[in-house]
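Participant: Structure supplied as upload.cif; contents: mmCIF, C-alpha atoms.
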```
data_coords
loop_
_atom_site.label_atom_id
_atom_site.label_comp_id
_atom_site.auth_asym_id
_atom_site.auth_seq_id
_atom_site.Cartn_x
_atom_site.Cartn_y
_atom_site.Cartn_z
CA MET A 8 121.37 121.36 77.08
CA HIS A 9 117.68 122.24 76.96
CA LYS A 10 116.96 118.89 75.35
CA GLU A 11 118.82 117.06 78.14
CA ASN A 12 116.90 119.01 80.79
CA PHE A 13 113.62 118.24 79.05
CA THR A 14 114.47 114.52 78.85
CA ALA A 15 115.42 114.40 82.53
CA SER A 16 112.23 116.22 83.49
CA THR A 17 110.12 113.87 81.39
CA SER A 18 111.84 110.85 82.96
CA ARG A 19 111.15 112.19 86.46
CA ASN A 20 107.52 112.85 85.59
CA ASN A 21 107.14 109.32 84.21
CA MET A 22 108.70 107.89 87.36
CA ILE A 23 106.37 109.90 89.60
CA GLU A 24 103.35 108.83 87.54
CA THR A 25 104.40 105.16 87.65
CA LEU A 26 104.96 105.24 91.40
CA THR A 27 101.64 106.98 91.93
CA HIS A 28 99.82 104.20 90.06
CA ALA A 29 101.78 101.54 91.95
CA TYR A 30 101.43 103.05 95.43
CA ALA A 31 97.81 104.21 95.22
CA PRO A 32 96.09 100.84 95.86
CA LEU A 33 98.67 99.83 98.46
CA LEU A 34 98.33 103.00 100.51
CA ILE A 35 94.58 103.51 100.15
CA TRP A 36 93.32 100.01 100.89
CA THR A 37 96.02 99.02 103.38
CA GLY A 38 95.40 102.30 105.20
CA LEU A 39 91.69 101.53 105.30
CA GLY A 40 92.45 98.17 106.88
CA LEU A 41 94.53 99.91 109.54
CA LEU A 42 91.66 102.29 110.31
CA LEU A 43 88.99 99.60 110.42
CA PHE A 44 90.90 97.27 112.75
CA ASN A 45 89.15 98.34 115.97
CA PHE A 46 85.69 98.13 114.39
CA LEU A 47 85.87 94.64 112.89
CA PRO A 48 84.83 91.35 114.54
CA ALA A 49 87.67 89.19 115.82
CA ASN A 50 87.01 86.46 113.26
CA PHE A 51 86.86 88.87 110.29
CA PRO A 52 90.50 88.43 109.14
CA LYS A 53 90.24 84.64 109.06
CA LEU A 54 86.88 84.76 107.24
CA LEU A 55 88.18 87.25 104.69
CA GLY A 56 91.34 85.21 104.16
CA LYS A 57 89.38 82.04 103.43
CA SER A 58 87.02 83.93 101.10
CA LEU A 59 89.96 85.28 99.14
CA TYR A 60 91.55 81.84 98.91
CA TRP A 61 88.44 80.02 97.68
CA PHE A 62 86.79 82.75 95.61
CA GLY A 63 88.77 86.00 95.34
CA VAL A 64 92.10 84.83 93.95
CA PRO A 65 90.51 82.25 91.58
CA ILE A 66 88.34 85.00 90.05
CA GLN A 67 91.39 87.22 89.67
CA ILE A 68 93.46 84.46 88.05
CA PHE A 69 90.56 83.39 85.80
CA VAL A 70 90.09 86.90 84.40
CA LEU A 71 93.80 87.47 83.83
CA ALA A 72 94.24 84.06 82.20
CA ARG A 73 91.36 84.80 79.81
CA GLN A 74 92.64 88.23 78.85
CA THR A 75 96.36 87.50 78.57
CA GLU A 76 98.17 86.43 75.41
CA PHE A 77 100.71 83.80 76.44
CA SER A 78 103.75 84.12 74.21
CA ASP A 79 106.40 81.44 73.77
CA GLY A 80 108.90 83.53 75.73
CA ALA A 81 106.74 83.43 78.85
CA ARG A 82 106.77 79.64 79.04
CA ILE A 83 110.07 79.78 80.90
CA VAL A 84 108.46 81.76 83.74
CA PRO A 85 107.47 78.71 85.87
CA VAL A 86 111.08 77.48 85.77
CA LEU A 87 112.36 80.92 86.73
CA THR A 88 109.80 81.16 89.54
CA ILE A 89 110.93 77.90 91.10
CA ALA A 90 114.58 78.93 90.71
CA ILE A 91 113.88 82.21 92.55
CA VAL A 92 112.09 80.37 95.37
CA LEU A 93 115.03 77.97 95.77
CA LEU A 94 117.44 80.93 95.77
CA SER A 95 115.43 82.55 98.56
CA ILE A 96 115.42 79.35 100.61
CA GLY A 97 119.18 78.93 100.17
CA LEU A 98 119.96 82.49 101.20
CA ALA A 99 117.66 82.28 104.23
CA TRP A 100 119.22 79.00 105.39
CA LEU A 101 122.79 80.29 104.93
CA THR A 102 121.95 83.52 106.76
CA TRP A 103 120.41 81.60 109.67
CA GLU A 104 123.48 79.38 109.97
CA LEU A 105 125.78 82.42 109.83
CA LEU A 106 123.84 84.23 112.56
CA LYS A 107 123.83 81.08 114.67
CA TRP A 108 127.60 80.77 114.28
CA LEU A 109 128.20 84.45 115.07
CA THR A 110 126.09 84.42 118.22
CA ASN A 111 127.86 81.28 119.46
CA GLN A 112 131.31 82.86 119.17
CA LYS A 113 133.08 83.46 122.45
CA GLU A 114 134.01 86.98 123.50
CA PRO A 115 135.52 89.18 122.33
CA LYS A 116 133.40 89.35 119.17
CA PRO A 117 134.84 91.03 116.05
CA ASN A 118 134.57 94.83 116.22
CA TRP A 119 132.72 95.08 112.90
CA LEU A 120 129.88 92.96 114.29
CA GLU A 121 129.31 95.44 117.11
CA LYS A 122 129.13 98.32 114.63
CA PHE A 123 126.22 96.66 112.84
CA GLY A 124 124.58 95.30 116.00
CA LEU A 125 125.00 91.69 114.91
CA ASN A 126 124.85 90.02 118.29
CA SER A 127 122.41 87.87 120.19
CA SER A 128 121.28 90.74 122.41
CA PHE A 129 119.93 92.58 119.38
CA PHE A 130 118.15 89.89 117.38
CA LYS A 131 117.36 87.43 120.20
CA PHE A 132 116.61 84.50 117.92
CA ASN A 133 116.05 81.22 119.68
CA PHE A 134 118.45 79.17 117.57
CA SER A 135 117.57 75.97 119.41
CA ASP A 136 113.90 76.24 118.35
CA ARG A 137 113.36 74.58 114.97
CA SER A 138 110.02 76.33 114.50
CA VAL A 139 111.78 79.70 114.57
CA GLN A 140 114.20 78.56 111.88
CA GLY A 141 111.31 77.31 109.75
CA SER A 142 109.50 80.62 110.20
CA PHE A 143 112.67 82.51 109.26
CA ILE A 144 112.95 80.57 105.99
CA LEU A 145 109.26 80.93 105.12
CA ALA A 146 109.36 84.66 105.84
CA ALA A 147 112.20 85.11 103.36
CA MET A 148 110.88 82.89 100.55
CA LEU A 149 107.08 83.11 100.37
CA GLY A 150 105.91 86.21 98.50
CA ASN A 151 102.49 87.83 98.14
CA THR A 152 102.49 87.60 94.34
CA GLY A 153 98.74 87.02 94.02
CA PHE A 154 97.59 90.17 95.77
CA VAL A 155 100.35 92.76 95.99
CA GLY A 156 102.36 91.57 92.98
CA LEU A 157 99.44 91.48 90.56
CA ALA A 158 97.98 94.68 92.03
CA ILE A 159 101.15 96.58 91.12
CA THR A 160 101.86 94.95 87.76
CA SER A 161 98.29 95.40 86.55
CA ASN A 162 98.75 99.16 87.04
CA ILE A 163 102.17 99.72 85.48
CA ILE A 164 102.95 96.81 83.11
CA SER A 165 101.86 96.74 79.47
CA ALA A 166 99.23 94.20 78.44
CA GLU A 167 101.62 92.15 76.30
CA ASN A 168 103.80 91.36 79.34
CA THR A 169 101.03 90.66 81.85
CA ASN A 170 101.44 86.96 81.09
CA TRP A 171 104.78 86.96 82.91
CA ALA A 172 103.14 88.24 86.09
CA VAL A 173 100.18 85.84 85.85
CA LEU A 174 102.36 82.76 85.27
CA PHE A 175 104.71 83.78 88.09
CA SER A 176 101.79 84.19 90.49
CA VAL A 177 100.11 80.90 89.57
CA THR A 178 103.39 78.96 89.79
CA ASN A 179 104.18 80.58 93.12
CA ASN A 180 100.75 79.75 94.54
CA VAL A 181 100.81 76.11 93.44
CA ILE A 182 104.47 75.09 93.77
CA SER A 183 105.75 77.45 96.45
CA THR A 184 102.82 78.19 98.76
CA TYR A 185 101.05 74.82 98.66
CA GLY A 186 104.05 72.62 97.96
CA ILE A 187 107.50 73.69 99.12
CA ALA A 188 106.21 75.88 101.97
CA VAL A 189 104.09 73.05 103.36
CA PHE A 190 107.11 70.73 103.32
CA ILE A 191 109.17 73.33 105.21
CA ALA A 192 106.42 74.05 107.74
CA SER A 193 105.86 70.35 108.36
CA TYR A 194 109.59 69.65 108.72
CA PHE A 195 110.36 72.49 111.13
CA GLY A 196 107.02 72.90 112.91
CA HIS A 197 106.00 71.62 116.33
CA SER A 198 102.79 70.02 115.06
CA GLU A 199 102.54 66.28 115.68
CA THR A 200 100.60 65.88 112.45
CA LYS A 201 103.10 65.22 109.68
CA THR A 202 101.86 65.69 106.13
CA ASN A 203 102.53 62.75 103.83
CA LEU A 204 103.14 62.86 100.10
CA TRP A 205 99.57 61.93 99.13
CA ILE A 206 98.08 64.72 101.24
CA LEU A 207 100.49 67.22 99.70
CA LEU A 208 99.56 66.00 96.24
CA ARG A 209 95.86 66.32 97.07
CA ASP A 210 96.38 69.86 98.35
CA VAL A 211 98.18 70.88 95.17
CA ILE A 212 95.58 69.33 92.88
CA THR A 213 92.73 71.03 94.75
CA VAL A 214 94.25 74.53 94.72
CA PRO A 215 91.37 76.64 93.34
CA SER A 216 93.71 79.12 91.65
CA LEU A 217 95.16 76.31 89.51
CA TRP A 218 91.74 75.27 88.23
CA ALA A 219 90.76 78.90 87.67
CA PHE A 220 93.89 79.45 85.58
CA ALA A 221 93.20 76.35 83.47
CA LEU A 222 89.56 77.36 82.98
CA GLY A 223 90.51 80.89 81.97
CA PHE A 224 93.27 79.75 79.62
CA PHE A 225 91.15 77.17 77.77
CA THR A 226 88.15 79.53 77.41
CA GLN A 227 90.07 82.42 75.87
CA ASN A 228 88.33 81.91 72.52
CA ILE A 229 84.86 81.66 74.05
CA GLU A 230 83.06 84.98 73.99
CA ILE A 231 81.01 86.11 76.97
CA THR A 232 78.60 89.01 77.18
CA PRO A 233 80.05 92.49 77.76
CA THR A 234 78.06 92.76 81.00
CA ILE A 235 79.65 89.64 82.47
CA GLU A 236 83.10 90.66 81.20
CA SER A 237 82.72 94.07 82.83
CA GLY A 238 81.51 92.50 86.06
CA LEU A 239 84.53 90.18 86.17
CA ASN A 240 86.91 93.10 85.65
CA ILE A 241 85.27 94.97 88.51
CA ALA A 242 85.51 91.84 90.66
CA VAL A 243 89.28 91.73 90.13
CA TRP A 244 89.66 95.18 91.65
CA VAL A 245 87.32 94.27 94.51
CA VAL A 246 89.52 91.25 95.25
CA ILE A 247 92.68 93.38 95.24
CA ALA A 248 91.08 95.95 97.54
CA ALA A 249 89.86 93.26 99.96
CA ALA A 250 93.29 91.59 100.05
CA LEU A 251 95.07 94.86 100.82
CA ILE A 252 92.52 95.68 103.53
CA LEU A 253 93.39 92.31 105.08
CA VAL A 254 97.08 93.27 104.98
CA GLY A 255 96.26 96.48 106.84
CA VAL A 256 94.26 94.60 109.48
CA ARG A 257 97.17 92.21 110.05
CA LEU A 258 99.65 95.08 110.32
CA ARG A 259 97.50 96.76 112.97
CA SER A 260 97.60 93.65 115.15
CA LEU A 261 101.37 93.82 115.72
CA ARG A 262 102.58 94.55 119.23
CA GLY A 263 105.47 96.96 118.79
CA TYR A 264 109.11 97.56 117.92
CA GLN A 265 110.50 94.37 119.43
CA SER A 266 108.36 92.29 117.09
CA LEU A 267 109.53 94.24 114.05
CA LYS A 268 113.18 93.99 115.10
CA LEU A 269 113.08 90.21 114.82
CA ALA A 270 111.91 90.51 111.22
CA LEU A 271 114.69 92.83 110.09
CA ILE A 272 117.01 90.22 108.53
CA PRO A 273 114.44 87.98 106.76
CA SER A 274 112.74 91.15 105.48
CA PHE A 275 116.05 92.40 104.06
CA ILE A 276 116.54 89.06 102.29
CA LYS A 277 112.97 89.11 100.91
CA VAL A 278 112.68 92.71 99.71
CA ILE A 279 116.27 93.74 98.96
CA LEU A 280 118.77 90.91 98.56
CA VAL A 281 116.78 88.37 96.51
CA PRO A 282 115.32 90.93 94.04
CA LEU A 283 118.75 92.51 93.57
CA LEU A 284 120.34 89.15 92.78
CA VAL A 285 117.46 88.23 90.46
CA GLY A 286 117.86 91.52 88.58
CA LEU A 287 121.62 91.12 88.21
CA ILE A 288 121.37 87.48 87.11
CA ALA A 289 118.59 88.29 84.62
CA THR A 290 120.68 91.13 83.19
CA TYR A 291 123.71 88.86 82.88
CA PHE A 292 121.68 86.40 80.79
CA GLY A 293 120.35 89.17 78.54
CA LEU A 294 116.83 89.62 79.92
CA THR A 295 115.80 93.28 79.98
CA GLY A 296 112.77 95.57 80.11
CA GLU A 297 109.42 94.69 81.63
CA PRO A 298 110.00 90.90 81.85
CA ARG A 299 113.11 91.53 83.97
CA PHE A 300 111.28 94.06 86.13
CA ILE A 301 108.39 91.63 86.69
CA LEU A 302 110.79 88.95 87.93
CA VAL A 303 112.46 91.46 90.26
CA LEU A 304 109.17 92.80 91.57
CA MET A 305 107.61 89.38 92.11
CA ALA A 306 110.78 88.17 93.85
CA GLY A 307 110.55 91.15 96.22
CA THR A 308 106.84 91.15 97.03
CA PRO A 309 105.98 91.28 100.76
CA THR A 310 105.74 88.05 102.72
CA ALA A 311 102.50 86.25 101.87
CA LEU A 312 99.56 86.10 104.27
CA ALA A 313 99.58 82.33 103.74
CA VAL A 314 102.44 82.04 106.25
CA LEU A 315 99.99 82.88 109.03
CA ILE A 316 97.82 79.91 108.02
CA LEU A 317 100.87 77.64 108.03
CA ALA A 318 101.84 79.05 111.43
CA GLU A 319 98.51 77.99 112.90
CA VAL A 320 98.60 74.49 111.40
CA TYR A 321 102.24 73.65 112.16
CA GLU A 322 102.85 75.69 115.34
CA LEU A 323 105.40 78.11 113.86
CA ASP A 324 106.54 81.49 115.20
CA ARG A 325 103.47 83.67 114.57
CA GLU A 326 105.08 86.85 115.88
CA LEU A 327 108.07 86.61 113.53
CA LEU A 328 105.88 85.89 110.51
CA ALA A 329 103.35 88.64 111.22
CA SER A 330 106.19 91.11 111.82
CA ASN A 331 107.80 90.11 108.54
CA ILE A 332 104.58 90.81 106.67
CA ALA A 333 104.56 94.30 108.17
CA MET A 334 108.21 95.09 107.50
CA THR A 335 108.28 93.73 103.95
CA THR A 336 105.09 95.63 103.09
CA VAL A 337 106.67 98.90 104.20
CA GLY A 338 110.02 97.91 102.70
CA LEU A 339 108.47 97.44 99.26
CA LEU A 340 107.41 101.09 99.24
CA PHE A 341 111.06 102.10 99.50
CA ALA A 342 112.47 99.37 97.26
CA LEU A 343 110.07 99.82 94.33
CA PRO A 344 111.65 103.07 93.03
CA MET A 345 115.05 101.36 92.97
CA TRP A 346 113.74 98.42 90.94
CA LEU A 347 112.06 100.81 88.49
CA ILE A 348 115.27 102.81 88.03
CA PHE A 349 117.66 99.89 87.62
CA PHE A 350 115.59 97.08 86.13
CA ALA A 351 112.48 98.47 84.35
#
```
Translate the structure of the given file into structure tokens.

Facilitator:
Amino acid sequence: MHKENFTASTSRNNMIETLTHAYAPLLIWTGLGLLLFNFLPANFPKLLGKSLYWFGVPIQIFVLARQTEFSDGARIVPVLTIAIVLLSIGLAWLTWELLKWLTNQKEPKPNWLEKFGLNSSFFKFNFSDRSVQGSFILAAMLGNTGFVGLAITSNIISAENTNWAVLFSVTNNVISTYGIAVFIASYFGHSETKTNLWILLRDVITVPSLWAFALGFFTQNIEITPTIESGLNIAVWVVIAAALILVGVRLRSLRGYQSLKLALIPSFIKVILVPLLVGLIATYFGLTGEPRFILVLMAGTPTALAVLILAEVYELDRELLASNIAMTTVGLLFALPMWLIFFA
């Protein structure tokens, strides 16, 4: 009996310690961004976002690629990443079509719909606006694996499994963010400028994170001075802090409850439904431990800041996307303990 109590107490202590390490950077730096919002220049978020894209994330990926041992088992990660992205897109599209069908039903609506508030007066989606549908899909499929995902995994995942997180993030940045997401934004957006295949290919080839990963991977056996190595490690944490500050600044710019209400369903798909399905499918195929948890966590990371860039270029629903970033960021704080309990 005493042994069982001791084991339960130890497990609780380990859970609290893990959550503390995971939440600390999210709460501290995001909170700082919230506090600094009124004191920053109007163009600061855009400038910081571009700096992170061209310099911050590449440095982070370069360091992780140099320091990570890539086992044979991790080579399947890019395939799994693409499969998870396609799953998210499919669920988002099916959910949109279901909501559209439900709101078009003539009265009286089924009683169970009223109990859950599933009616047009609650969600107020403009189902005739293709840009809203595109925003809905992007909000549910594009995750912040480079900043939030790697920030959490670098704190609580063992070094031998870091390669899963790095490969997931790189694949997501190249294939999902600058490939699939651009196709979706171009197809559903109001912009008159339609992106052709050659431009998409150029954008993928010139993604700085991809080149940083290749450079880090192929220079693993090249020694650098301890001073430079230490400086690069410090730079990684500076990048994470800056990215989370940017998240806080974006959260502070939201206009209220009505904005958040629109993001409820895509946020649920992004943070709860997709990670749950990924965890169950991974378990069914025999994947356990930290690799399974990494897939679940990366699948449930908050909506990426990149959606705001796509919204500007392709005239998407900025309010829905910004609201989804806010709701999924908060939602992750509540979902993370569940993923640790069931899938770690």

Participant: Quick one, how far is CA of Val181 (chain A) from CA of Val314 (chain A)?

Facilitator: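 Separation between CA of Val181 (chain A) and CA of Val314 (chain A): 14.2 Å.
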
Participant: Taking the file as shown, what set of residues would the PyMOL selection byres ((chain A and resi 275-277) around 10) give back, as a ChimeraX atom specification?

Facilitator: /A:95-96,98-99,102,144-150,270-274,278-283,306-310,331,334-335,338-339

Participant: Would you pick out the contacts of Ile164 (chain A) at 9 Å or less, using all atoms listed in the file, so that residues sharing its chain but fewer than 5 positions from it are not included, and give the list as a ChimeraX atom specification?

Facilitator: /A:159,169,297,301

Participant: Would you mind exporting the chosen residues as a tab-separated table (two decimals), keeping the file's coordinate frame, restricted to C-alpha atoms?

Facilitator:
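The new file again02.tsv reads:
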```tsv
chain	number	residue	atom	x	y	z
A	159	ILE	CA	101.15	96.58	91.12
A	169	THR	CA	101.03	90.66	81.85
A	297	GLU	CA	109.42	94.69	81.63
A	301	ILE	CA	108.39	91.63	86.69
```

Participant: Nearest residue to Val337 (chain A) out of A:Tyr30, A:Val214, A:Gln227, A:Ala248, using all atoms listed in the file?

Facilitator: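 Checking each candidate against Val337 (chain A), we get A:Tyr30 as the closest.
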
Participant: Do you know which residues are at most 8 Å from Gly38 (chain A) counting all atoms listed in the file, after dropping those on the same chain fewer than 5 positions away, and could you put them as a PyMOL selection string?

Facilitator: chain A and resi 33+252+255

Participant: Mind writing the picked residues with C-alpha atoms as a compact mmCIF listing (two decimals), in the frame of the given file?

Facilitator:
```txt
# COMPACT_ATOMS: atom_id res chain seq x y z
CA LEU A 33 98.67 99.83 98.46
CA ILE A 252 92.52 95.68 103.53
CA GLY A 255 96.26 96.48 106.84
```

Participant: Return as a tab-separated table (two decimals) with C-alpha atoms, in the coordinates of the input the set of residues that the PyMOL selection byres ((chain A and resi 61-63) around 12) yields on the displayed structure.

Facilitator:
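Contents of selection.tsv, freshly written:
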```tsv
chain	number	residue	atom	x	y	z
A	54	LEU	CA	86.88	84.76	107.24
A	55	LEU	CA	88.18	87.25	104.69
A	56	GLY	CA	91.34	85.21	104.16
A	57	LYS	CA	89.38	82.04	103.43
A	58	SER	CA	87.02	83.93	101.10
A	59	LEU	CA	89.96	85.28	99.14
A	60	TYR	CA	91.55	81.84	98.91
A	64	VAL	CA	92.10	84.83	93.95
A	65	PRO	CA	90.51	82.25	91.58
A	66	ILE	CA	88.34	85.00	90.05
A	67	GLN	CA	91.39	87.22	89.67
A	68	ILE	CA	93.46	84.46	88.05
A	69	PHE	CA	90.56	83.39	85.80
A	70	VAL	CA	90.09	86.90	84.40
A	153	GLY	CA	98.74	87.02	94.02
A	154	PHE	CA	97.59	90.17	95.77
A	213	THR	CA	92.73	71.03	94.75
A	214	VAL	CA	94.25	74.53	94.72
A	215	PRO	CA	91.37	76.64	93.34
A	216	SER	CA	93.71	79.12	91.65
A	217	LEU	CA	95.16	76.31	89.51
A	218	TRP	CA	91.74	75.27	88.23
A	219	ALA	CA	90.76	78.90	87.67
A	239	LEU	CA	84.53	90.18	86.17
A	241	ILE	CA	85.27	94.97	88.51
A	242	ALA	CA	85.51	91.84	90.66
A	243	VAL	CA	89.28	91.73	90.13
A	244	TRP	CA	89.66	95.18	91.65
A	245	VAL	CA	87.32	94.27	94.51
A	246	VAL	CA	89.52	91.25	95.25
A	247	ILE	CA	92.68	93.38	95.24
A	248	ALA	CA	91.08	95.95	97.54
A	249	ALA	CA	89.86	93.26	99.96
A	250	ALA	CA	93.29	91.59	100.05
```

Participant: How would you write, as a list in words, the residues chosen by the PyMOL selection byres ((chain A and resi 163) around 7) on this structure?

Facilitator: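 Applying the PyMOL selection byres ((chain A and resi 163) around 7) to the structure shown produces Thr25, His28, Ala29, Ile159, Thr160, Ser161, Asn162, Ile164 and Ser165 of chain A.
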
Participant: Could you tell me how far CA of Val92 (chain A) lies from CA of Ile182 (chain A), in Å and to one decimal?

Facilitator: 9.4 Å
